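To keep things clear, I will list the structure first and then write my remarks on it.
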Amino acid sequence: MARIAIGGVQHETNTFASSRATFEEFVHADAWPGLSRGAALIESVQGINLPIAGFIEQAARDRHELKPLVWCSAQPSGSVTRDAFERIAYILLEDLTAALPVDAVYLDLHGAMVAEHFDDADGELLRRVRALVGAQVPIVASLDLHANVSRMMLEQASALVAYRTYPHVDMAETGARAVSLIPRLANKPPLQRWLRHADFLMPLTSQCTLIEPVRTIIARATELERDSTLSLHFTPGFPLADVAACGPCVFGFGEDDSVRGTVEEIADEVARSESTAVTRFWRIDDAVSRALEIARVGLGPVILVDTQDNPGAGGNGDTTSIIKALIRVRAEGVVAGLIHDPDSARRAHAAGIGERLQLAVGARSGFPGETPIEAEFVVESLGDGRFTGTGPFYLGSRMDLGPMACLAHHGVRIAVASRKQQAADQAMFRHLGIEPAGQRILVLKSSVHFRADFGDLASEILIVEAPGPSPADPSKLPFQKLRPGVRRSPAL
């Protein structure tokens, strides 16, 4: 039995987004719990598909003693403010100091967090924790599949593990896997480690582990994680971050130097797969025409993926171009969401179900060229935004999205929320009395996570290149800090 300090900070940073993650963003709950410390941490994450929740459950089964520190997360956005990063780091180190001595430290990190003053904010956290506990105490961290893994992360941690799925249905499982590494690190020589970055960026929509090439690469890496290789992972990276470590990489930790060859084998496979890591993006009008054509057959909803305004990648969740295009052609049986518009939700609640309101819905963030949908809407249903996620990705998440409303304009219904959240769980719509399977067309503000709960419903999925702050094609972004020679999109 080991005495293990546990904590974490989760933020995926889109450095091209204008928004900032303030300390308050980490404090307040949304799909995941707000900032939690001490015993409240364990209670707040219980039963949720989160790495730290999986770690806690497995550690309890293995009879380890846990010393909870602090855990928090914030919606993907632009950089974490200096104030937020320093306050959270102070709390983490303060709580860790109070917990010492410990036999090990576990941190639930994202791996693509950028602060205003640190491009490698996760690496900096690991560095500070290492400086406090010393060289002999094992530090194990779990990372998101979209981590932009740096050499500092690799050097400061004793071992790293990463998700193997996108949609991330294995977050809790990843935390549980981290527990098994701690006994293999205690009172042992440091593990050998190796890291190799790819020479190209991979769009988020190409990173889905349900399709090629990532499905095969992940499977092969998992197969080779055995014997002296304790951890072997392919992380496609988060391509919306202008940092040196941005992009796909393979990393591994092992008991001998054979881990280098294993990492190189997988990295070579990544290089060979480059030409297959491409995605078709549909123009709005073409996507709407195709959706209407398929919907007439009635085989299930056509999903229009509004990936460039995905709150899960730093989008604002309020652009309206796809919805307007569907209204123009008088589409029927359309449900769109989630649209982040607290004012429209508030007015709908004040009016009540069945009332008609003249509203300007969406486009509150001021993204260039986007304007609200100005029309008469019927308030079809209302919700308080509090419900539990039921899909594989948000499973067990105790959502708190603030007042919500279903607003109908002719054949189009819009699910409006007071807090932004990507549409990756059917419970978000069922909370408003909408059954996703019964719709002709679904417009979802997500990139890939929606596939975990909506994928089986779809007659076809079209990824739409509509306006938004999270470009699907990284070649269109003005990078300044990429490593020399990195291609901004896969070469055909």
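Letters for chains follow the order of the structure tokens (A, B, ...), residue numbers begin at 1 for each chain, and ligand numbers begin at 1 in the order shown.
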
- request: List the neighbours of A:Ala241 out to 7 Å using only C-alpha atoms; skip same-chain residues closer than 3 positions along the sequence, and give me the result as a PyMOL selection string.
  value: chain A and resi 13-15+238+246

Which residues of stretch 154-255 of chain A come within 9 Å of stretch 91-114 of chain A, and for each one, what is the closest pair of atoms and their distance in Å to one decimal, counting only C-alpha atoms, sorted by chain and residue number, as CSV?
residue,atom,partner,partner_atom,distance
A:Gly175,CA,A:Asp108,CA,7.7
A:Ala178,CA,A:Tyr106,CA,8.0
A:Val179,CA,A:Tyr106,CA,8.4
A:Ile182,CA,A:Ala104,CA,7.2
A:Ala186,CA,A:Asp103,CA,7.7
A:Gly237,CA,A:Ala112,CA,7.8
A:Phe238,CA,A:Ala112,CA,6.7
A:Ala241,CA,A:Ala112,CA,7.7
A:Val243,CA,A:Val114,CA,8.4
A:Cys246,CA,A:Ala112,CA,8.4

message: I want to know what sits within 8 Å of A:Val334, based on only C-alpha atoms, with residues of the same chain fewer than 2 positions away left out; could you give that as a list of chain:residue names?
response: A:Ala331, A:Glu332, A:Ala336, A:Gly411, A:Val412, A:Arg413, A:Gln439, A:Arg440, A:Ile441, A:Leu442, A:Val443

Restrict the selected residues to N, CA, C and O atoms and save them as a PDB file, in the first residue's frame.
ATOM      1  N   ALA A 331     -36.207  23.925 -44.235  1.00  0.00           N
ATOM      2  CA  ALA A 331     -35.990  22.539 -43.797  1.00  0.00           C
ATOM      3  C   ALA A 331     -36.916  22.205 -42.634  1.00  0.00           C
ATOM      4  O   ALA A 331     -37.224  23.053 -41.789  1.00  0.00           O
ATOM      5  N   GLU A 332     -37.347  20.953 -42.585  1.00  0.00           N
ATOM      6  CA  GLU A 332     -38.232  20.469 -41.525  1.00  0.00           C
ATOM      7  C   GLU A 332     -37.512  19.396 -40.711  1.00  0.00           C
ATOM      8  O   GLU A 332     -36.604  18.726 -41.199  1.00  0.00           O
ATOM      9  N   ALA A 336     -30.960  21.834 -33.642  1.00  0.00           N
ATOM     10  CA  ALA A 336     -29.594  22.351 -33.582  1.00  0.00           C
ATOM     11  C   ALA A 336     -29.225  22.668 -32.142  1.00  0.00           C
ATOM     12  O   ALA A 336     -30.048  23.140 -31.367  1.00  0.00           O
ATOM     13  N   GLY A 411     -39.743  24.828 -39.056  1.00  0.00           N
ATOM     14  CA  GLY A 411     -39.293  23.440 -38.920  1.00  0.00           C
ATOM     15  C   GLY A 411     -37.974  23.266 -38.221  1.00  0.00           C
ATOM     16  O   GLY A 411     -37.421  22.158 -38.187  1.00  0.00           O
ATOM     17  N   VAL A 412     -37.459  24.345 -37.627  1.00  0.00           N
ATOM     18  CA  VAL A 412     -36.154  24.290 -36.976  1.00  0.00           C
ATOM     19  C   VAL A 412     -36.312  24.554 -35.481  1.00  0.00           C
ATOM     20  O   VAL A 412     -36.932  25.548 -35.078  1.00  0.00           O
ATOM     21  N   ARG A 413     -35.761  23.669 -34.682  1.00  0.00           N
ATOM     22  CA  ARG A 413     -35.748  23.863 -33.225  1.00  0.00           C
ATOM     23  C   ARG A 413     -34.309  24.027 -32.753  1.00  0.00           C
ATOM     24  O   ARG A 413     -33.419  23.299 -33.209  1.00  0.00           O
ATOM     25  N   GLN A 439     -35.328  12.901 -35.218  1.00  0.00           N
ATOM     26  CA  GLN A 439     -35.152  14.088 -36.051  1.00  0.00           C
ATOM     27  C   GLN A 439     -34.675  13.710 -37.450  1.00  0.00           C
ATOM     28  O   GLN A 439     -34.085  12.658 -37.653  1.00  0.00           O
ATOM     29  N   ARG A 440     -34.905  14.609 -38.395  1.00  0.00           N
ATOM     30  CA  ARG A 440     -34.418  14.391 -39.762  1.00  0.00           C
ATOM     31  C   ARG A 440     -32.978  14.891 -39.908  1.00  0.00           C
ATOM     32  O   ARG A 440     -32.166  14.272 -40.589  1.00  0.00           O
ATOM     33  N   ILE A 441     -32.695  16.035 -39.285  1.00  0.00           N
ATOM     34  CA  ILE A 441     -31.361  16.640 -39.368  1.00  0.00           C
ATOM     35  C   ILE A 441     -30.959  17.136 -37.985  1.00  0.00           C
ATOM     36  O   ILE A 441     -31.744  17.813 -37.315  1.00  0.00           O
ATOM     37  N   LEU A 442     -29.743  16.796 -37.571  1.00  0.00           N
ATOM     38  CA  LEU A 442     -29.181  17.295 -36.323  1.00  0.00           C
ATOM     39  C   LEU A 442     -27.968  18.163 -36.651  1.00  0.00           C
ATOM     40  O   LEU A 442     -27.083  17.739 -37.401  1.00  0.00           O
ATOM     41  N   VAL A 443     -27.927  19.363 -36.103  1.00  0.00           N
ATOM     42  CA  VAL A 443     -26.758  20.237 -36.222  1.00  0.00           C
ATOM     43  C   VAL A 443     -26.086  20.254 -34.859  1.00  0.00           C
ATOM     44  O   VAL A 443     -26.655  20.751 -33.880  1.00  0.00           O
TER      45      VAL A 443
END

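Taking atom CA of A:Ile353 and atom CA of A:Ser381 as the two end points, the separation is 5.7 Å.
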
task: Quick one: everything within 9 Å of A:Tyr166, counting only C-alpha atoms, minus sequence neighbours fewer than 4 positions away in the same chain. Send it as a PyMOL selection string.
output: chain A and resi 145+170+207-210+448-449+451-452

Those same residues, written as an mmCIF file, in the first residue's frame with all heavy atoms?
data_model
loop_
_atom_site.group_PDB
_atom_site.id
_atom_site.type_symbol
_atom_site.label_atom_id
_atom_site.label_comp_id
_atom_site.auth_asym_id
_atom_site.auth_seq_id
_atom_site.Cartn_x
_atom_site.Cartn_y
_atom_site.Cartn_z
ATOM 1 N N LEU A 145 -5.694 12.456 -25.250
ATOM 2 C CA LEU A 145 -5.210 12.004 -26.556
ATOM 3 C C LEU A 145 -4.707 13.183 -27.393
ATOM 4 O O LEU A 145 -3.858 13.025 -28.269
ATOM 5 C CB LEU A 145 -6.329 11.277 -27.303
ATOM 6 C CG LEU A 145 -5.931 10.615 -28.624
ATOM 7 C CD1 LEU A 145 -5.376 9.223 -28.375
ATOM 8 C CD2 LEU A 145 -7.120 10.533 -29.580
ATOM 9 N N ASP A 170 -12.562 6.366 -22.632
ATOM 10 C CA ASP A 170 -11.690 5.620 -21.712
ATOM 11 C C ASP A 170 -10.945 6.522 -20.734
ATOM 12 O O ASP A 170 -9.887 6.165 -20.232
ATOM 13 C CB ASP A 170 -10.670 4.799 -22.502
ATOM 14 C CG ASP A 170 -9.632 5.675 -23.217
ATOM 15 O OD1 ASP A 170 -9.962 6.817 -23.590
ATOM 16 O OD2 ASP A 170 -8.496 5.212 -23.404
ATOM 17 N N GLN A 207 -8.586 12.587 -36.230
ATOM 18 C CA GLN A 207 -7.986 11.894 -35.094
ATOM 19 C C GLN A 207 -8.908 10.855 -34.453
ATOM 20 O O GLN A 207 -8.517 10.182 -33.501
ATOM 21 C CB GLN A 207 -7.558 12.912 -34.028
ATOM 22 C CG GLN A 207 -6.483 13.865 -34.502
ATOM 23 C CD GLN A 207 -6.036 14.835 -33.408
ATOM 24 O OE1 GLN A 207 -6.306 14.615 -32.229
ATOM 25 N NE2 GLN A 207 -5.351 15.893 -33.786
ATOM 26 N N CYS A 208 -10.108 10.723 -34.963
ATOM 27 C CA CYS A 208 -11.070 9.776 -34.383
ATOM 28 C C CYS A 208 -10.505 8.361 -34.393
ATOM 29 O O CYS A 208 -10.020 7.875 -35.415
ATOM 30 C CB CYS A 208 -12.373 9.835 -35.173
ATOM 31 S SG CYS A 208 -13.631 8.685 -34.589
ATOM 32 N N THR A 209 -10.572 7.690 -33.261
ATOM 33 C CA THR A 209 -10.018 6.336 -33.147
ATOM 34 C C THR A 209 -10.983 5.267 -33.660
ATOM 35 O O THR A 209 -10.659 4.080 -33.621
ATOM 36 C CB THR A 209 -9.634 6.034 -31.692
ATOM 37 O OG1 THR A 209 -10.788 6.198 -30.851
ATOM 38 C CG2 THR A 209 -8.530 6.960 -31.217
ATOM 39 N N LEU A 210 -12.149 5.693 -34.148
ATOM 40 C CA LEU A 210 -13.093 4.742 -34.747
ATOM 41 C C LEU A 210 -12.803 4.533 -36.221
ATOM 42 O O LEU A 210 -13.374 3.640 -36.848
ATOM 43 C CB LEU A 210 -14.532 5.258 -34.580
ATOM 44 C CG LEU A 210 -14.994 5.514 -33.143
ATOM 45 C CD1 LEU A 210 -16.370 6.165 -33.149
ATOM 46 C CD2 LEU A 210 -15.011 4.221 -32.345
ATOM 47 N N VAL A 448 -15.780 15.427 -32.763
ATOM 48 C CA VAL A 448 -15.749 13.961 -32.803
ATOM 49 C C VAL A 448 -16.484 13.349 -31.614
ATOM 50 O O VAL A 448 -17.107 12.293 -31.738
ATOM 51 C CB VAL A 448 -14.291 13.450 -32.846
ATOM 52 C CG1 VAL A 448 -14.234 11.942 -32.652
ATOM 53 C CG2 VAL A 448 -13.628 13.803 -34.181
ATOM 54 N N HIS A 449 -16.463 13.991 -30.454
ATOM 55 C CA HIS A 449 -17.051 13.390 -29.251
ATOM 56 C C HIS A 449 -18.523 13.020 -29.426
ATOM 57 O O HIS A 449 -19.010 12.090 -28.778
ATOM 58 C CB HIS A 449 -16.886 14.316 -28.056
ATOM 59 C CG HIS A 449 -15.499 14.329 -27.495
ATOM 60 N ND1 HIS A 449 -14.788 13.172 -27.265
ATOM 61 C CD2 HIS A 449 -14.688 15.355 -27.123
ATOM 62 C CE1 HIS A 449 -13.595 13.488 -26.780
ATOM 63 N NE2 HIS A 449 -13.512 14.797 -26.689
ATOM 64 N N ARG A 451 -19.795 11.436 -31.697
ATOM 65 C CA ARG A 451 -19.924 10.107 -32.284
ATOM 66 C C ARG A 451 -20.174 9.027 -31.229
ATOM 67 O O ARG A 451 -20.788 7.996 -31.531
ATOM 68 C CB ARG A 451 -18.666 9.755 -33.082
ATOM 69 C CG ARG A 451 -18.476 10.568 -34.367
ATOM 70 C CD ARG A 451 -17.195 10.190 -35.081
ATOM 71 N NE ARG A 451 -16.944 10.989 -36.279
ATOM 72 C CZ ARG A 451 -17.308 10.636 -37.512
ATOM 73 N NH1 ARG A 451 -17.935 9.488 -37.711
ATOM 74 N NH2 ARG A 451 -17.027 11.425 -38.537
ATOM 75 N N ALA A 452 -19.708 9.248 -30.010
ATOM 76 C CA ALA A 452 -19.877 8.229 -28.971
ATOM 77 C C ALA A 452 -21.348 7.977 -28.660
ATOM 78 O O ALA A 452 -21.736 6.844 -28.371
ATOM 79 C CB ALA A 452 -19.135 8.651 -27.703
#

Nearby residues (only C-alpha atoms) at most 10 Å from A:Pro471, same-chain spacing under 4 positions excluded, as a VMD selection string: chain A and resid 16 203 to 204 239 to 240 307 to 310 313 315 465 to 467 475 to 477

- request: Output as a VMD selection string all residues of stretch 28-219 of chain A that backbone DSSP marks as strand (DSSP E or B).
  value: chain A and resid 36 to 37 65 to 73 77 80 104 to 109 115 118 139 to 143 159 to 162 192 to 197 200

- request: Please report, as a list of chain:residue names, each residue of stretch 337-431 of chain A to which DSSP assigns helix (DSSP H, G or I) when run on this structure's backbone.
  value: A:Pro342, A:Asp343, A:Ser344, A:Ala345, A:Arg346, A:Arg347, A:Ala348, A:His349, A:Ala350, A:Ala351, A:Ala427, A:Met428, A:Phe429, A:Arg430

If you keep N, CA, C and O atoms, can you produce a file of those selected residues as a short mmCIF file (atom, residue, chain, number, x, y, z; two decimals), in the first residue's frame?
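Result file follows (part_27.cif):
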data_model
loop_
_atom_site.label_atom_id
_atom_site.label_comp_id
_atom_site.auth_asym_id
_atom_site.auth_seq_id
_atom_site.Cartn_x
_atom_site.Cartn_y
_atom_site.Cartn_z
N PRO A 342 -27.31 32.96 -23.10
CA PRO A 342 -27.99 33.13 -21.81
C PRO A 342 -29.18 34.08 -21.87
O PRO A 342 -30.19 33.87 -21.19
N ASP A 343 -29.09 35.14 -22.69
CA ASP A 343 -30.17 36.12 -22.73
C ASP A 343 -31.44 35.51 -23.33
O ASP A 343 -32.55 35.72 -22.80
N SER A 344 -31.31 34.77 -24.42
CA SER A 344 -32.49 34.14 -25.01
C SER A 344 -33.09 33.10 -24.07
O SER A 344 -34.32 32.97 -23.97
N ALA A 345 -32.23 32.37 -23.36
CA ALA A 345 -32.74 31.39 -22.39
C ALA A 345 -33.50 32.10 -21.27
O ALA A 345 -34.58 31.66 -20.84
N ARG A 346 -32.94 33.22 -20.81
CA ARG A 346 -33.60 33.98 -19.73
C ARG A 346 -34.96 34.49 -20.19
O ARG A 346 -35.96 34.38 -19.46
N ARG A 347 -35.03 35.05 -21.38
CA ARG A 347 -36.30 35.59 -21.88
C ARG A 347 -37.33 34.49 -22.10
O ARG A 347 -38.53 34.69 -21.87
N ALA A 348 -36.87 33.32 -22.56
CA ALA A 348 -37.79 32.20 -22.75
C ALA A 348 -38.37 31.75 -21.41
O ALA A 348 -39.58 31.45 -21.31
N HIS A 349 -37.55 31.70 -20.39
CA HIS A 349 -38.04 31.31 -19.06
C HIS A 349 -39.02 32.34 -18.52
O HIS A 349 -40.02 31.98 -17.87
N ALA A 350 -38.74 33.61 -18.77
CA ALA A 350 -39.65 34.65 -18.28
C ALA A 350 -41.00 34.59 -18.99
O ALA A 350 -42.05 34.86 -18.38
N ALA A 351 -40.98 34.23 -20.27
CA ALA A 351 -42.22 34.17 -21.05
C ALA A 351 -43.03 32.93 -20.73
O ALA A 351 -44.25 32.99 -20.54
N ALA A 427 -28.52 13.32 -23.66
CA ALA A 427 -29.24 13.84 -22.49
C ALA A 427 -29.41 15.35 -22.55
O ALA A 427 -30.36 15.90 -21.97
N MET A 428 -28.53 16.05 -23.25
CA MET A 428 -28.66 17.51 -23.39
C MET A 428 -29.96 17.88 -24.08
O MET A 428 -30.59 18.90 -23.76
N PHE A 429 -30.37 17.08 -25.05
CA PHE A 429 -31.60 17.34 -25.79
C PHE A 429 -32.82 16.73 -25.09
O PHE A 429 -33.89 17.35 -25.06
N ARG A 430 -32.64 15.56 -24.52
CA ARG A 430 -33.76 14.93 -23.80
C ARG A 430 -34.17 15.76 -22.60
O ARG A 430 -35.34 15.72 -22.19
#

query: What's the 8 Å shell around A:Trp32, counting only C-alpha atoms, without same-chain residues fewer than 6 positions away, as a list in words?
result: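 Final neighbour list, sorted by chain and number: Val45, Ser73, Ser397, Arg398 and Met399 of chain A.
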
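When only C-alpha atoms are used to compute distances to A:Val302, the closest of the residues A:Asp62, A:Glu25, A:Arg272, A:Val335 turns out to be A:Val335.
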
- prompt: Using only C-alpha atoms, which of A:Ser446, A:Thr371, A:Thr319, A:Thr276 sits nearest A:Ser206?
  reply: A:Thr276

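Distance-wise, atom CA of A:His146 and atom CA of A:Ser418 end up 27.0 Å apart.
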
task: For A:Pro33, list every protein, DNA or RNA residue within 10 Å, evaluated using only C-alpha atoms, and leave out those in the same chain fewer than 4 positions away; present the list as a ChimeraX atom specification.
output: /A:26-29,41,43-45,48,71-74,397-400

query: atom CA of A:Gly134 and atom CA of A:His117, how far apart in Å?
result: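 Distance reported for this atom pair: 24.6 Å.
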